[in-house]
Protein chains: 2
Amino acid sequence: MALAADPSVISFAGGMPNPELLPTDLIARIVADMDRSTLQNALQYGPTPGYPPLIEALSHYLTEKGISLKNRSIIITQGGQQALDILARVFIDPDAPLLTETPAFIGALATFKAHGAALTGIPMDEEGMKEDLLAQNLSLLEPSLVYCNPCFQNPSGVLYSLRRKKRIASLITRYDCCLIEDDPYNELWFAEEDHPHTASMLQQVDGDAAICHVGSFSKIIGPGLRLGWLVGPERIIEKCSLAKQSMDACSSSLTQVCAHHFLEKGLLQEHVTSLRSAYAARARTMQGALCASMPEEVTWTRPRGGFYIWLTMPPRMDASKVFAYAVEKKCAFVIGSAFDPHGQNNHCIRLSFSHTPPEKIEKGVYILADAIRSFL
Amino acid sequence: MALAADPSVISFAGGMPNPELLPTDLIARIVADMDRSTLQNALQYGPTPGYPPLIEALSHYLTEKGISLKNRSIIITQGGQQALDILARVFIDPDAPLLTETPAFIGALATFKAHGAALTGIPMDEEGMKEDLLAQNLSLLEPSLVYCNPCFQNPSGVLYSLRRKKRIASLITRYDCCLIEDDPYNELWFAEEDHPHTASMLQQVDGDAAICHVGSFSKIIGPGLRLGWLVGPERIIEKCSLAKQSMDACSSSLTQVCAHHFLEKGLLQEHVTSLRSAYAARARTMQGALCASMPEEVTWTRPRGGFYIWLTMPPRMDASKVFAYAVEKKCAFVIGSAFDPHGQNNHCIRLSFSHTPPEKIEKGVYILADAIRSFL
């Protein structure tokens with residue numbers, strides 16, 4: 001974050017939108033259009049589960065995506081991160097086994113570790129978390145939680161296949177544990193044909209199955225609203241709502257009212273459409289620059305949406321050294337070990353193309369290629 | 001909250017400002033005046049400890065109040081409630097002893113219980129938490145945390161004397177534990193002469209002493225911003241900032257930018273001045289109605305600021321029964337046992353005068369007096 005804020009650094013580090021892609025005019029207009037009574041709601045406490053009109057608009061949005069709300073509830077959270085923290089508080093006893101993807105989202109690892117979970121990483125292939133290893137570890141460790149990020153995974157960019165999602169959902173039901181589907185990027189596909197593959201795990205099971213879906217406005221409106229949501233079986237969401245009550249009473253009413261109007265005025269669809277093409281263009285630029293500059297021993301993923309490319313160097317390489325070299329030349333990224341539950345895999349690198357304008361992406365990739373080459 | 005939202009109910013229940021007292025026009029103007037770059041900051045992630053210009057403005061505000069920031073840091077939290085939750089996460093191991101006032105703020109009790117603390121309540125007198133009992137329990141239980149709410153205490157309305165604050169601060173230092181000074185009401189005195197008595201515990205000690213001050217914009221701007229702050233020794237705040245990172249990454253940038261402009265444009269002073277006289281008028285109206293209507297066996301506190309009056313009935317009375325009767329007649333409040341660490345003292349009642357307009361306060365108090373009389 002600190003490096004990303006330095007304008008002289010080309011940052012492939014943070015998973016933050018480019019400022020130019022934030023809907024500043026729309027949000028300013030939404031606030032300007034609020035009447036007195038709406039502004040009073042915006043400055044007042046609200047119910048812990050969320051501002052009722054926002055929950056209603058979100059229910060409509062989820063139903064349109066094909067997610068049934070039968071036997072399910074929704075709570076609004078302080079970004080997706082708080083949804084993870086709430087679930088961790090409800091489910092994790094110290095030393096409780098927990099399965100995550102490896103590599104996995106840093107923020108999730110940090111929360112699970114803070115609650116004392118004993119993490120085991122399940123490696124991925126091009127369809128998602130490997131199902132045989134998942135089944136084996138579910139049986140062996142009897143974890144209470146499994147964590148995955150199935151659409152344009154952070155950090156690998158992998159899009160889970162529908163077949164794999166169905167298989168994972170059925171394993172979860174069979175082993176009676178809870179799955180967290182952390183899904184902030186599912187709207188951000190690059191090609192229309194990938195849209196069906198972004199279907200939620202919730203669409204594969206009925207409302208009682210212990211799958212909790214975490215969504216977020218951070219990547220599709222703006223992280224500064226700090227708004228996410230958690231959808232899952234009523235019995236789980238009720239506990240989560242009680243937990244949130246003692247954590248922060250409720251999320252900001254002002255930002256919830258903004259998000260409600262964003263959905264209700266139908267602004268989301270058009271805005272997300274423009275984001276898709278903007279991020280697709282950035283991804284193409286980065287792919288082109290990688291192809292043109294990287295040594296043969298280096299490979300990387302070709303994401304079909306989201307914010308990230310995952311780059312793999314030969315196992316003898318140390319991403320920390322490459323990082324130190326590249327930062328000197330004003331290019332930043334995140335080293336692979338940060339995404340590993342056990343701090344391993346440091347021959348990998350996560351590149352985020354979301355924050356950097358296309359004209360700087362090439363320059364940054366060339367700096368990185370130069371850095372890697374100097375250690376090969 | 002649910003009862004407070006029903007317009008047909010006269011609510012003395014929630015600790016929420018009356019909607020008419022929220023600075024809706026000022027906040028709308030602040031957003032309208034934001035330039036594009038400020039709006040971009042408002043919609044983006046920010047540093048975990050808070051939006052730097054807000055921290056700077058808050059530092060200035062605290063320094064003006066006479067609080068030294070030497071060896072101290074600040075983090076912005078999701079309301080005062082999150083500050084308590086963060087401190088609980090950092091300090092409380094399951095079954096760890098913790099001392100609170102009794103009666104004490106419901107939200108604090110809920111958080112401490114959620115973290116598994118073993119609570120012991122220290123009774124209060126008109127100067128604050130009783131110092132002999134505090135000393136005795138510090139020595140006996142060796143708690144890691146002590147919690148107090150020294151200005152116009154929630155729920156009793158008690159204003160700690162300066163002498164008592166000094167004595168508590170010195171006990172805390174001597175017994176090497178940490179004191180949470182939860183202080184959201186300190187600006188809301190009714191008479192200028194009480195202003196000096198609202199001085200923070202931080203003003204009684206140097207920056208290294210383990211006193212953490214929790215402040216909030218909820219009662220002086222609006223709870224919907226969900227913004228509070230935590231000030232304390234650097235070594236503690238650093239741990240708190242790490243904890244917050246995995247809890248929600250950062251607080252809302254949009255609401256932080258609003259609060260920054262509210263402070264920076266000098267709007268707080270005038271707004272708080274108008275709140276003081278509005279709440280003083282409500283308190284006077286409630287006192288008048290209590291004097292005119294209550295049976296002789298009932299006593300109550302005479303707060304010099306804040307939101308609350310604490311009413312004590314004879315010990316044989318059960319506030320739950322009075323509540324059920326009064327709610328039928330459309331008047332709500334909170335029963336005493338909710339504020340007791342052990343669920344006792346149910347012959348007491350908390351009345352909040354912050355939410356109800358003066359013309360309805362009398363009517364509500366008469367309903368309550370009638371309800372009490374029917375059980376005496």
# chains A, B, ... in the order shown; residues from 1 in each chain; ligands from 1
call {"tool": "select_by_dssp", "arguments": {"residues": "region 66-217 of chain A", "states": "alpha helix (DSSP H)", "output": "JSON, numbers by chain"}}
result
{"A": [79, 80, 81, 82, 83, 84, 85, 86, 87, 88, 89, 90, 91, 106, 107, 108, 109, 110, 111, 112, 113, 114, 131, 132, 133, 134, 135, 136, 137, 138, 139, 140, 141, 162, 163, 164, 165, 166, 167, 168, 169, 170, 171, 172, 173, 174, 175]}
call {"tool": "residues_around", "arguments": {"residues": "Asn186 (chain A)", "least_positions_apart": "4", "cutoff": "8 Å", "atoms": "only C-alpha atoms", "output": "list in words"}}
result
Cys151, Phe152, Thr198, Ala199 and Gly306 of chain A
call {"tool": "write_last_selection", "arguments": {"atoms": "N, CA, C and O atoms", "output": "PDB file, in the first residue's frame"}}
result
ATOM      1  N   CYS A 151     -13.344 -17.366  -8.503  1.00  0.00           N
ATOM      2  CA  CYS A 151     -13.392 -16.629  -9.766  1.00  0.00           C
ATOM      3  C   CYS A 151     -12.179 -15.718  -9.897  1.00  0.00           C
ATOM      4  O   CYS A 151     -12.073 -14.735  -9.164  1.00  0.00           O
ATOM      5  N   PHE A 152     -11.295 -16.038 -10.871  1.00  0.00           N
ATOM      6  CA  PHE A 152     -10.123 -15.202 -11.121  1.00  0.00           C
ATOM      7  C   PHE A 152      -9.358 -15.040  -9.813  1.00  0.00           C
ATOM      8  O   PHE A 152      -9.113 -13.935  -9.319  1.00  0.00           O
ATOM      9  N   THR A 198     -18.656 -18.105 -13.951  1.00  0.00           N
ATOM     10  CA  THR A 198     -18.517 -17.358 -12.703  1.00  0.00           C
ATOM     11  C   THR A 198     -19.688 -17.633 -11.754  1.00  0.00           C
ATOM     12  O   THR A 198     -19.810 -16.991 -10.717  1.00  0.00           O
ATOM     13  N   ALA A 199     -20.533 -18.581 -12.097  1.00  0.00           N
ATOM     14  CA  ALA A 199     -21.670 -18.936 -11.229  1.00  0.00           C
ATOM     15  C   ALA A 199     -21.184 -19.268  -9.821  1.00  0.00           C
ATOM     16  O   ALA A 199     -20.115 -19.857  -9.643  1.00  0.00           O
ATOM     17  N   GLY A 306     -10.683 -10.578 -13.551  1.00  0.00           N
ATOM     18  CA  GLY A 306     -10.066 -10.206 -12.282  1.00  0.00           C
ATOM     19  C   GLY A 306      -8.902  -9.246 -12.418  1.00  0.00           C
ATOM     20  O   GLY A 306      -8.834  -8.461 -13.375  1.00  0.00           O
TER      21      GLY A 306
END
call {"tool": "residues_around", "arguments": {"residues": "Trp310 (chain A)", "least_positions_apart": "3", "cutoff": "6 Å", "atoms": "only C-alpha atoms", "output": "PDB file with N, CA, C and O atoms, in the first residue's frame"}}
result
ATOM      1  N   SER A 156      -3.722 -16.260  -8.178  1.00  0.00           N
ATOM      2  CA  SER A 156      -3.312 -16.986  -9.388  1.00  0.00           C
ATOM      3  C   SER A 156      -4.086 -16.604 -10.635  1.00  0.00           C
ATOM      4  O   SER A 156      -3.671 -16.936 -11.755  1.00  0.00           O
ATOM      5  N   TRP A 300       3.677 -17.998 -16.657  1.00  0.00           N
ATOM      6  CA  TRP A 300       2.657 -17.207 -15.948  1.00  0.00           C
ATOM      7  C   TRP A 300       1.261 -17.624 -16.393  1.00  0.00           C
ATOM      8  O   TRP A 300       1.094 -18.258 -17.422  1.00  0.00           O
ATOM      9  N   THR A 301       0.290 -17.252 -15.554  1.00  0.00           N
ATOM     10  CA  THR A 301      -1.104 -17.598 -15.857  1.00  0.00           C
ATOM     11  C   THR A 301      -1.697 -16.601 -16.849  1.00  0.00           C
ATOM     12  O   THR A 301      -1.209 -15.475 -16.976  1.00  0.00           O
ATOM     13  N   ILE A 349       5.579 -14.868  -8.062  1.00  0.00           N
ATOM     14  CA  ILE A 349       5.330 -13.427  -7.955  1.00  0.00           C
ATOM     15  C   ILE A 349       3.883 -13.152  -8.349  1.00  0.00           C
ATOM     16  O   ILE A 349       3.393 -13.747  -9.320  1.00  0.00           O
ATOM     17  N   ARG A 350       3.208 -12.300  -7.605  1.00  0.00           N
ATOM     18  CA  ARG A 350       1.871 -11.867  -8.049  1.00  0.00           C
ATOM     19  C   ARG A 350       1.972 -10.489  -8.675  1.00  0.00           C
ATOM     20  O   ARG A 350       2.510  -9.559  -8.074  1.00  0.00           O
TER      21      ARG A 350
END
call {"tool": "atom_distance", "arguments": {"atom1": "CA of Pro357 (chain A)", "atom2": "CA of Ala42 (chain B)"}}
result
19.7 Å
call {"tool": "interface_residues", "arguments": {"of": "chain B", "to": "chain A", "cutoff": "6 Å", "atoms": "only C-alpha atoms", "output": "MDAnalysis selection string"}}
result
chainID B and resid 19 24 39:40 42:45 81:82 85 110:111 222:226 246:248 252:254
call {"tool": "closest_residue", "arguments": {"among": "A:Leu119, A:Ile55, A:Leu62, A:Ile309", "to": "Gly343 (chain A)", "atoms": "only C-alpha atoms"}}
result
A:Leu119
